[in-house]
Each structure stands twice: as structure tokens, then as C-alpha cells.
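Notes follow the structure.
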Amino acid sequence: MKTINDFEKHYWSLDKLVIGIDEAGRGPLAGPLVVAGVVFPKDYISEEIYDSKQLTEKKREQLYEVIIRDALYYDVVIVEVEIIEKLNILEATRWGMSEIAKKANVDIVLTDALKLDINKEVVDIVKGDQKSISIAAASILAKVTRDRIMYKMDEKYPEYNFKNNKGYPTKQHFKALEKYGITEIHRKNYKPVIKAMQSKLF
Amino acid sequence: MRNLLISLAIKYQGDYFKIEKAIKNNEKINNKIPIQKAITILDKQYPKQLLDLEFPPFVLFYKGDISLLNNDLIAVIGARNYSEYGKSCTIDIVEKLCKHYVIVSGLAKGIDSIAHRYASKTIAVLGNGLNYYYPYENKNLYQHLQENQLVISEYPLNVKPKKYHFPFRNRIIAALCKSIIVTEASYKSGTMLTVNEGLALNRDIYAVPFAYNETVNCGTNILIQQGANILTKENINDLFDKL
């Protein structure tokens, strides 16, 4: 499959630099949120770079190397659990994306349906990871980076099977929460996590 | 500084002498990230062997895997109008060499395309911007090369092919490679120009011999007569140390 790239094509034809920004890890109960941004050279094409959720893990790992090789610029920000708890997940996402967007020396910022309040032209695209190669590539960098972090977390907390669930709410993850309680990487403002904390208390 | 070089190359359409003049005149343009991917003569990845040239390109635009330049490179070049004999020699030579060397060529019709197609690792050096499919019949090959291999050009993306670009481009092919193999060539051709560049740069030249009754593409026999190494199935293993 292939992205359509109407947005990139438009801005590239005006010789404007475009960064695509996306995130991984809004839904999980545990682990950080990872936000990434990618700037491709003008007229970049790839048959393979597509929405990270529709690719296999092996393919994502391969494409991660290709993206880093081909990008003019990329950036990855890890938003730790404390920040997610303090801001809520949506604001934490905005914060991470804004950090990347502000730092990048580009003309246009493309996001996956999220408006940012920054001093640059932001275009929020619904289903951006399927319509923009830059957003799709950012989603791959974010997803791969986050998965790698969760593999490390799995070594630290083997009871929760993070290597398979990546912190997302699965039946097995809930069972582990019931049995072992929460860890320091659980998001303590998420309902199922709060429930697990309470059931441990009483 | 490297951003400036790339921006100048884009502004002056890759014209070596205009870029050189702009540098000498200390021309300044904006120093933003250039929108096209390139390595410059100031970069660590810039192939040092290009500095042997009288006019080493200031900037090389590229698509694909730039790390391919770090390998031992061999040029395999030849005629656009090829014979079955030239084709089968090219395939055999490329298949033998490509396990140990990266094959460099010019993406022209004929022998060049065959060399790229049969190499597992290969670099194409173009005489036009990387957005142009030239020659058009090589479009699919070109797309494969830019995604999985490496294509380079001193011309920015949208520069159209011009006749005088190609002989000038040949200097890059000759300078990149320690060895240049000609598998088939007519007497007067671009291939012969690349060989002349290679001789001036002290590169090793190898040529595949042609038959007694050959009258058109007998350029390789002339090269052998003039001192190029004769390359045959029987001696290829002895000529290249990695085989």
C-alpha cells in the first residue's frame, strides 16, 4: 500500500519543507507516550511506508532503518508517565508534538488530526498516517521506539508480559494488575489503573 | 557551510562552473535545511577518490543507501546497442563480482542497465536530476535503484538531461571506481570517454575481447590493443583480489 501525499506534493512544489508528526501509545495503561517527527526530501516516494498499525513488527523494524537513512531530519520525544499523569494524555500528546514542531527548522507541520498552538503553519489531517508519508513515517519511528522501551520494561517487570501487550489493556494485563498491583510505569490517572490501586487497598 | 553549498547547487542547477564562481564571489543565500538530500565535498561520507578529479563535484544529490559508497567500487559500462555476446559476458562478470564489489554504472540503455539489473549492490550515476526517468524505458529499474540501492547525480532533482551532462558525468564514474570494465563498446562512444577519464586518473581498465569477424562493436579490442587488461572467464578470478 502507499500513501497519497497530496499535502506533501503541494508544499514540495512550492519548495517548502514539511514535517509529519505522529505518536504511539495513547491507549496503553503503562509506559511512556512516544512522539516522532520526520522531514523527507522533496518528492520522496516509498511504496512501503504506510500507517504503522497496518504493518508487521518486522516490517516496521526494517522501515525504521530506511526512514532514518532517507529523512533529511527526524526527532523522537519520549513523554514520561509523570507528564501524562500531570497533563492528561491529550495535552501530553500536544506538548510532545509542539516540542518537535518548534525545534524543527521547517515551513509546514502536518499532524494526525491534532491542532497545535505554535508559531508555524499546522495542517491537521484526518487519517493522516494513511494520507501523508511524513506522518506515516513518524508513526513508524514512534511505534518502534515505544516497542523497544516496552521490551526493556518487560525485563524489569516480567509479571505483566509487556513484551506482548506493550502496556495496552489486555485480559492478561488486567489479571497481572489484580495479582501484583501497579508498577511505577502505570499511568495512575487511567481508570483501570485506579481500579487496580483501589482493589489493592481494600 | 554545507547547507550553503547545497543551496547554491540547487540555485545554479548543478552547473559546476557557476557554483564555483558563486563560491569565489562569496555569495550568501539562506542557510536553512536544504529540501533535497545530498552530500557535499565537506562531508565525511564524501568519497575521497573524487578528489583525484580536476573538477570534483561540490554536491552529490542522492536517493537510496549512501553507505554503498563506502565499499570497493567497480564500474561496468558499455554500449547502448549491445549484442547477445556482450550481454551474456556482462551478466557473467557482474554475477561473479557483485558478491564482493559494488557495481557502478550510468543507467544508460543496454550494457549499463544489464549491469545494474544483475548486481546485488549497485550505484547509478546520472547525468540529470533524480526526478527524471531517463531513459524512460528504465523507469522500473530506476525506481528499484532509488529505493533499494543508490542513485547519485551532481544535478538537483528537476534538472533535465542535457547532452553535455553525460560526458561530464562520466568523470564521476571513472573517479569513483578503482577498476573500470568495458564489456562491449563501439569505437567512438561515451564509454570510450569514460575510459579516457579513467586512464587520466590512473584507474585499471579491463576489456572483454570480441570475435575476429566483429565489425561494429570492436571498441574493446582497440582498448586491449592499446594496453587495457584482457578480461576473460578464464582469468577473471586472478585479476580481482577478492574473487
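A note on labels: chains of the C-alpha cells are A, B, ... as shown, every chain counts residues from 1, and ligands are counted from 1 in their shown order.
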Stretch 16-155 of chain B: which residues are strand (DSSP E) by DSSP, as a PDB file with N, CA, C and O atoms, in the first residue's frame?
```
ATOM      1  N   ALA B  38      21.474  15.428   0.044  1.00  0.00           N
ATOM      2  CA  ALA B  38      22.744  15.493  -0.681  1.00  0.00           C
ATOM      3  C   ALA B  38      23.919  15.320   0.266  1.00  0.00           C
ATOM      4  O   ALA B  38      23.809  15.548   1.465  1.00  0.00           O
ATOM      5  N   ILE B  39      25.078  14.895  -0.282  1.00  0.00           N
ATOM      6  CA  ILE B  39      26.319  15.001   0.468  1.00  0.00           C
ATOM      7  C   ILE B  39      27.189  16.038  -0.248  1.00  0.00           C
ATOM      8  O   ILE B  39      27.077  16.227  -1.459  1.00  0.00           O
ATOM      9  N   THR B  40      28.038  16.693   0.523  1.00  0.00           N
ATOM     10  CA  THR B  40      28.868  17.735  -0.072  1.00  0.00           C
ATOM     11  C   THR B  40      30.337  17.370   0.086  1.00  0.00           C
ATOM     12  O   THR B  40      30.696  16.470   0.846  1.00  0.00           O
ATOM     13  N   VAL B  59      28.666  18.974  -4.773  1.00  0.00           N
ATOM     14  CA  VAL B  59      27.492  18.381  -4.135  1.00  0.00           C
ATOM     15  C   VAL B  59      27.043  17.171  -4.943  1.00  0.00           C
ATOM     16  O   VAL B  59      27.076  17.205  -6.171  1.00  0.00           O
ATOM     17  N   LEU B  60      26.676  16.097  -4.265  1.00  0.00           N
ATOM     18  CA  LEU B  60      26.057  14.961  -4.943  1.00  0.00           C
ATOM     19  C   LEU B  60      24.671  14.746  -4.340  1.00  0.00           C
ATOM     20  O   LEU B  60      24.551  14.464  -3.146  1.00  0.00           O
ATOM     21  N   PHE B  61      23.642  14.932  -5.141  1.00  0.00           N
ATOM     22  CA  PHE B  61      22.288  14.630  -4.692  1.00  0.00           C
ATOM     23  C   PHE B  61      22.098  13.132  -4.779  1.00  0.00           C
ATOM     24  O   PHE B  61      22.686  12.476  -5.641  1.00  0.00           O
ATOM     25  N   TYR B  62      21.314  12.590  -3.877  1.00  0.00           N
ATOM     26  CA  TYR B  62      21.159  11.135  -3.938  1.00  0.00           C
ATOM     27  C   TYR B  62      19.811  10.666  -3.436  1.00  0.00           C
ATOM     28  O   TYR B  62      19.103  11.369  -2.721  1.00  0.00           O
ATOM     29  N   LYS B  63      19.465   9.431  -3.842  1.00  0.00           N
ATOM     30  CA  LYS B  63      18.339   8.698  -3.275  1.00  0.00           C
ATOM     31  C   LYS B  63      18.833   7.295  -2.987  1.00  0.00           C
ATOM     32  O   LYS B  63      19.533   6.713  -3.801  1.00  0.00           O
ATOM     33  N   GLY B  64      18.442   6.767  -1.833  1.00  0.00           N
ATOM     34  CA  GLY B  64      18.819   5.397  -1.518  1.00  0.00           C
ATOM     35  C   GLY B  64      19.894   5.322  -0.445  1.00  0.00           C
ATOM     36  O   GLY B  64      20.020   6.208   0.381  1.00  0.00           O
ATOM     37  N   LEU B  73      34.444  -0.235  -5.202  1.00  0.00           N
ATOM     38  CA  LEU B  73      33.556   0.000  -6.331  1.00  0.00           C
ATOM     39  C   LEU B  73      34.223  -0.398  -7.648  1.00  0.00           C
ATOM     40  O   LEU B  73      35.401  -0.115  -7.854  1.00  0.00           O
ATOM     41  N   ILE B  74      33.460  -1.052  -8.511  1.00  0.00           N
ATOM     42  CA  ILE B  74      33.945  -1.373  -9.854  1.00  0.00           C
ATOM     43  C   ILE B  74      32.919  -0.887 -10.873  1.00  0.00           C
ATOM     44  O   ILE B  74      31.722  -1.147 -10.722  1.00  0.00           O
ATOM     45  N   ALA B  75      33.382  -0.178 -11.898  1.00  0.00           N
ATOM     46  CA  ALA B  75      32.487   0.274 -12.951  1.00  0.00           C
ATOM     47  C   ALA B  75      32.347  -0.816 -14.001  1.00  0.00           C
ATOM     48  O   ALA B  75      33.346  -1.417 -14.412  1.00  0.00           O
ATOM     49  N   VAL B  76      31.112  -1.095 -14.394  1.00  0.00           N
ATOM     50  CA  VAL B  76      30.863  -1.981 -15.525  1.00  0.00           C
ATOM     51  C   VAL B  76      30.039  -1.178 -16.524  1.00  0.00           C
ATOM     52  O   VAL B  76      28.900  -0.809 -16.242  1.00  0.00           O
ATOM     53  N   ILE B  77      30.635  -0.866 -17.657  1.00  0.00           N
ATOM     54  CA  ILE B  77      29.976   0.030 -18.601  1.00  0.00           C
ATOM     55  C   ILE B  77      30.063  -0.526 -20.015  1.00  0.00           C
ATOM     56  O   ILE B  77      30.859  -1.440 -20.290  1.00  0.00           O
ATOM     57  N   GLY B  78      29.227   0.034 -20.897  1.00  0.00           N
ATOM     58  CA  GLY B  78      29.275  -0.462 -22.262  1.00  0.00           C
ATOM     59  C   GLY B  78      28.242   0.183 -23.168  1.00  0.00           C
ATOM     60  O   GLY B  78      27.589   1.158 -22.808  1.00  0.00           O
ATOM     61  N   VAL B 102      30.727  -3.468  -5.160  1.00  0.00           N
ATOM     62  CA  VAL B 102      29.522  -2.754  -5.588  1.00  0.00           C
ATOM     63  C   VAL B 102      29.734  -2.299  -7.028  1.00  0.00           C
ATOM     64  O   VAL B 102      30.789  -1.752  -7.374  1.00  0.00           O
ATOM     65  N   ILE B 103      28.745  -2.581  -7.877  1.00  0.00           N
ATOM     66  CA  ILE B 103      28.865  -2.287  -9.309  1.00  0.00           C
ATOM     67  C   ILE B 103      28.344  -0.879  -9.606  1.00  0.00           C
ATOM     68  O   ILE B 103      27.221  -0.534  -9.243  1.00  0.00           O
ATOM     69  N   VAL B 104      29.168  -0.077 -10.267  1.00  0.00           N
ATOM     70  CA  VAL B 104      28.794   1.293 -10.617  1.00  0.00           C
ATOM     71  C   VAL B 104      28.569   1.382 -12.125  1.00  0.00           C
ATOM     72  O   VAL B 104      29.341   0.811 -12.898  1.00  0.00           O
ATOM     73  N   SER B 105      27.498   2.080 -12.530  1.00  0.00           N
ATOM     74  CA  SER B 105      27.298   2.290 -13.956  1.00  0.00           C
ATOM     75  C   SER B 105      26.448   3.539 -14.180  1.00  0.00           C
ATOM     76  O   SER B 105      26.162   4.267 -13.236  1.00  0.00           O
ATOM     77  N   THR B 122      24.441  -1.979  -6.133  1.00  0.00           N
ATOM     78  CA  THR B 122      24.824  -1.197  -7.294  1.00  0.00           C
ATOM     79  C   THR B 122      24.540   0.289  -7.123  1.00  0.00           C
ATOM     80  O   THR B 122      23.650   0.675  -6.372  1.00  0.00           O
ATOM     81  N   ILE B 123      25.336   1.103  -7.787  1.00  0.00           N
ATOM     82  CA  ILE B 123      25.182   2.553  -7.742  1.00  0.00           C
ATOM     83  C   ILE B 123      25.040   3.074  -9.172  1.00  0.00           C
ATOM     84  O   ILE B 123      25.839   2.717 -10.039  1.00  0.00           O
ATOM     85  N   ALA B 124      24.029   3.913  -9.403  1.00  0.00           N
ATOM     86  CA  ALA B 124      23.877   4.540 -10.720  1.00  0.00           C
ATOM     87  C   ALA B 124      24.262   6.015 -10.607  1.00  0.00           C
ATOM     88  O   ALA B 124      23.818   6.701  -9.691  1.00  0.00           O
ATOM     89  N   VAL B 125      25.102   6.473 -11.523  1.00  0.00           N
ATOM     90  CA  VAL B 125      25.489   7.883 -11.556  1.00  0.00           C
ATOM     91  C   VAL B 125      24.792   8.515 -12.763  1.00  0.00           C
ATOM     92  O   VAL B 125      25.023   8.101 -13.897  1.00  0.00           O
ATOM     93  N   LEU B 126      23.923   9.491 -12.495  1.00  0.00           N
ATOM     94  CA  LEU B 126      23.093  10.046 -13.563  1.00  0.00           C
ATOM     95  C   LEU B 126      23.631  11.374 -14.083  1.00  0.00           C
ATOM     96  O   LEU B 126      24.359  12.079 -13.385  1.00  0.00           O
ATOM     97  N   LEU B 150      21.445   2.755  -4.736  1.00  0.00           N
ATOM     98  CA  LEU B 150      21.820   4.165  -4.619  1.00  0.00           C
ATOM     99  C   LEU B 150      21.862   4.798  -6.004  1.00  0.00           C
ATOM    100  O   LEU B 150      22.416   4.219  -6.937  1.00  0.00           O
ATOM    101  N   VAL B 151      21.250   5.967  -6.136  1.00  0.00           N
ATOM    102  CA  VAL B 151      21.427   6.763  -7.352  1.00  0.00           C
ATOM    103  C   VAL B 151      21.980   8.124  -6.941  1.00  0.00           C
ATOM    104  O   VAL B 151      21.545   8.701  -5.949  1.00  0.00           O
ATOM    105  N   ILE B 152      22.974   8.597  -7.673  1.00  0.00           N
ATOM    106  CA  ILE B 152      23.559   9.900  -7.355  1.00  0.00           C
ATOM    107  C   ILE B 152      23.657  10.747  -8.615  1.00  0.00           C
ATOM    108  O   ILE B 152      23.694  10.228  -9.738  1.00  0.00           O
ATOM    109  N   SER B 153      23.694  12.061  -8.400  1.00  0.00           N
ATOM    110  CA  SER B 153      23.822  12.985  -9.511  1.00  0.00           C
ATOM    111  C   SER B 153      24.312  14.312  -8.964  1.00  0.00           C
ATOM    112  O   SER B 153      23.973  14.693  -7.850  1.00  0.00           O
TER     113      SER B 153
END
```
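Set the cut-off at 9 Å, count only C-alpha atoms, and the residues of chain B near chain A turn out to be Lys32, Ile33, Pro34, Ile35, Gln36, Lys37, Lys63, Gly64, Asp65, Ile66, Asn131, Glu147 and Leu157 of chain B.
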Restrict the selected residues to N, CA, C and O atoms and save them as a compact mmCIF listing (two decimals), in the first residue's frame.
```txt
# COMPACT_ATOMS: atom_id res chain seq x y z
N LYS B 32 19.02 27.59 5.54
CA LYS B 32 18.06 26.62 6.08
C LYS B 32 18.43 25.20 5.66
O LYS B 32 19.27 24.99 4.80
N ILE B 33 17.73 24.20 6.25
CA ILE B 33 17.95 22.82 5.79
C ILE B 33 17.56 22.78 4.32
O ILE B 33 16.45 23.13 3.97
N PRO B 34 18.45 22.35 3.42
CA PRO B 34 18.06 22.26 2.02
C PRO B 34 17.01 21.17 1.85
O PRO B 34 17.05 20.16 2.55
N ILE B 35 16.11 21.39 0.92
CA ILE B 35 14.96 20.50 0.75
C ILE B 35 15.33 19.21 0.00
O ILE B 35 14.53 18.31 -0.13
N GLN B 36 16.55 19.14 -0.52
CA GLN B 36 16.96 17.94 -1.24
C GLN B 36 18.11 17.25 -0.51
O GLN B 36 18.96 17.90 0.06
N LYS B 37 18.08 15.94 -0.57
CA LYS B 37 19.06 15.17 0.17
C LYS B 37 20.38 15.11 -0.62
O LYS B 37 20.39 14.76 -1.80
N LYS B 63 19.47 9.43 -3.84
CA LYS B 63 18.34 8.70 -3.27
C LYS B 63 18.83 7.29 -2.99
O LYS B 63 19.53 6.71 -3.80
N GLY B 64 18.44 6.77 -1.83
CA GLY B 64 18.82 5.40 -1.52
C GLY B 64 19.89 5.32 -0.45
O GLY B 64 20.02 6.21 0.38
N ASP B 65 20.68 4.25 -0.50
CA ASP B 65 21.59 3.90 0.58
C ASP B 65 22.98 4.48 0.32
O ASP B 65 23.80 3.87 -0.36
N ILE B 66 23.26 5.63 0.92
CA ILE B 66 24.52 6.35 0.66
C ILE B 66 25.72 5.55 1.16
O ILE B 66 26.84 5.71 0.67
N ASN B 131 14.71 13.33 -10.37
CA ASN B 131 13.26 13.21 -10.63
C ASN B 131 12.96 12.80 -12.06
O ASN B 131 11.82 12.54 -12.39
N GLU B 147 15.08 3.11 -4.38
CA GLU B 147 14.56 2.66 -3.09
C GLU B 147 15.50 1.69 -2.39
O GLU B 147 15.63 1.70 -1.18
N LEU B 157 17.22 17.76 -8.28
CA LEU B 157 16.10 16.90 -8.69
C LEU B 157 15.49 17.19 -10.06
O LEU B 157 15.23 16.28 -10.82
```
Item to check | Shell around A:Tyr180 at 12 Å using only C-alpha atoms, local window under 2 positions removed, as a list in words | outcome: Tyr157, Pro158, Glu159, Tyr160, Gln172, His173, Phe174, Lys175, Ala176, Leu177, Glu178, Ile182, Thr183, Val193, Ala196, Met197, Ser199 and Lys200 of chain A
What's around stretch 53-59 of chain A at 9 Å? Count only C-alpha atoms, leave out sequence neighbours fewer than 2 positions away in its own chain, and write the answer as a CSV table (one decimal) with N, CA, C and O atoms, in the first residue's frame.
```csv
chain,number,residue,atom,x,y,z
A,48,GLU,N,6.4,1.5,0.5
A,48,GLU,CA,6.2,0.6,1.7
A,48,GLU,C,5.8,1.4,3.0
A,48,GLU,O,5.2,0.8,3.9
A,49,ILE,N,6.2,2.6,3.0
A,49,ILE,CA,5.9,3.4,4.2
A,49,ILE,C,4.4,3.7,4.3
A,49,ILE,O,3.9,4.4,3.4
A,50,TYR,N,3.8,3.2,5.3
A,50,TYR,CA,2.3,3.3,5.5
A,50,TYR,C,2.0,3.3,6.9
A,50,TYR,O,2.9,2.9,7.7
A,51,ASP,N,0.8,3.6,7.3
A,51,ASP,CA,0.3,3.6,8.7
A,51,ASP,C,0.9,2.4,9.5
A,51,ASP,O,0.8,1.3,9.1
A,61,GLU,N,10.4,-2.6,11.8
A,61,GLU,CA,11.8,-2.5,12.1
A,61,GLU,C,12.7,-2.2,10.9
A,61,GLU,O,13.6,-1.4,10.9
A,62,GLN,N,12.3,-2.9,9.8
A,62,GLN,CA,13.1,-2.6,8.5
A,62,GLN,C,12.9,-1.2,8.1
A,62,GLN,O,13.8,-0.5,7.7
A,63,LEU,N,11.6,-0.7,8.1
A,63,LEU,CA,11.3,0.6,7.6
A,63,LEU,C,11.9,1.7,8.5
A,63,LEU,O,12.3,2.8,8.0
A,64,TYR,N,12.1,1.4,9.8
A,64,TYR,CA,12.7,2.3,10.7
A,64,TYR,C,14.1,2.7,10.2
A,64,TYR,O,14.4,3.8,10.2
A,139,SER,N,4.9,7.8,12.5
A,139,SER,CA,4.2,6.8,13.3
A,139,SER,C,5.0,5.6,13.4
A,139,SER,O,5.0,4.9,14.5
A,140,ILE,N,5.8,5.3,12.4
A,140,ILE,CA,6.7,4.1,12.5
A,140,ILE,C,7.8,4.3,13.5
A,140,ILE,O,8.1,3.5,14.3
A,143,LYS,N,6.3,4.2,17.0
A,143,LYS,CA,5.9,2.8,17.4
A,143,LYS,C,7.1,1.9,17.7
A,143,LYS,O,7.1,1.2,18.7
A,144,VAL,N,8.1,2.0,16.8
A,144,VAL,CA,9.3,1.1,17.0
A,144,VAL,C,10.0,1.5,18.3
A,144,VAL,O,10.4,0.7,19.1
```
Next on the checklist: Can you pull out every residue from stretch 4-113 of chain A that DSSP, working from the backbone, puts in helix (DSSP H, G or I), and format the result as an NGL selection string?
Outcome noted: :A and (6-13 or 52-54 or 57-70 or 81-87 or 89-103)
Checklist outcome for this item: Among A:Ala24, A:Met153, A:Ile19, A:Leu33, A:Ile83 is approached most closely, using only C-alpha atoms, by A:Leu33
Next on the checklist: Quick one: residues within 9 Å of A:Ile89, only C-alpha atoms, excluding same-chain residues fewer than 4 positions away - as a PyMOL selection string?
Outcome noted: chain A and resi 26-27+33+83-85+93-94
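For A:Tyr168, the list of residues within 8 Å, based on only C-alpha atoms and with local chain neighbours fewer than 6 positions off taken out, reads Gly27, Pro28, Leu29 and Ala30 of chain A.
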Would you write out those residues with all heavy atoms, as a PDB file, in the first residue's frame?
```
ATOM      1  N   GLY A  27      -3.204   4.815  24.104  1.00  0.00           N
ATOM      2  CA  GLY A  27      -4.161   3.903  24.722  1.00  0.00           C
ATOM      3  C   GLY A  27      -3.664   3.045  25.887  1.00  0.00           C
ATOM      4  O   GLY A  27      -4.455   2.628  26.714  1.00  0.00           O
ATOM      5  N   PRO A  28      -2.376   2.751  25.983  1.00  0.00           N
ATOM      6  CA  PRO A  28      -1.931   1.790  26.995  1.00  0.00           C
ATOM      7  C   PRO A  28      -2.107   2.277  28.435  1.00  0.00           C
ATOM      8  O   PRO A  28      -2.207   3.472  28.676  1.00  0.00           O
ATOM      9  CB  PRO A  28      -0.434   1.623  26.693  1.00  0.00           C
ATOM     10  CG  PRO A  28      -0.215   2.197  25.363  1.00  0.00           C
ATOM     11  CD  PRO A  28      -1.275   3.207  25.148  1.00  0.00           C
ATOM     12  N   LEU A  29      -2.107   1.332  29.346  1.00  0.00           N
ATOM     13  CA  LEU A  29      -2.200   1.647  30.764  1.00  0.00           C
ATOM     14  C   LEU A  29      -0.826   1.933  31.352  1.00  0.00           C
ATOM     15  O   LEU A  29      -0.717   2.465  32.438  1.00  0.00           O
ATOM     16  CB  LEU A  29      -2.807   0.458  31.515  1.00  0.00           C
ATOM     17  CG  LEU A  29      -4.110  -0.110  30.950  1.00  0.00           C
ATOM     18  CD1 LEU A  29      -4.550  -1.316  31.776  1.00  0.00           C
ATOM     19  CD2 LEU A  29      -5.188   0.965  30.960  1.00  0.00           C
ATOM     20  N   ALA A  30       0.217   1.497  30.633  1.00  0.00           N
ATOM     21  CA  ALA A  30       1.562   1.621  31.196  1.00  0.00           C
ATOM     22  C   ALA A  30       2.572   2.000  30.122  1.00  0.00           C
ATOM     23  O   ALA A  30       2.368   1.716  28.942  1.00  0.00           O
ATOM     24  CB  ALA A  30       1.980   0.294  31.835  1.00  0.00           C
TER      25      ALA A  30
END
```
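Proximity ranking of B:Ser7, B:Met192, B:Gln13, B:Leu141 relative to B:His165 places B:Gln13 first, based on only C-alpha atoms.
Of the listed residues B:Asp204, B:Asp72, B:Glu197, B:Asp92, the one whose atoms come nearest to B:Gly227 is B:Asp204, with distances taken using only C-alpha atoms.
Of the residues under consideration (B:Ile93, B:Leu107, B:Leu239, B:Leu68), B:Leu107 shows the shortest atom-to-atom contact distance to B:Asn170 when counting only C-alpha atoms.
Across the model, the gap from atom CA of B:Phe210 to atom CA of B:Arg80 is 16.3 Å.
You will find atom CA of B:Ser67 at 22.9 Å from atom CA of B:Phe55.
What separates atom CA of B:Glu20 from atom CA of B:Ile172 is a distance of 17.1 Å.
Distances to B:Asn202 were evaluated for B:Asn70, B:Ser179, B:Asn25, B:Asn3 using only C-alpha atoms, and the minimum falls at B:Ser179.
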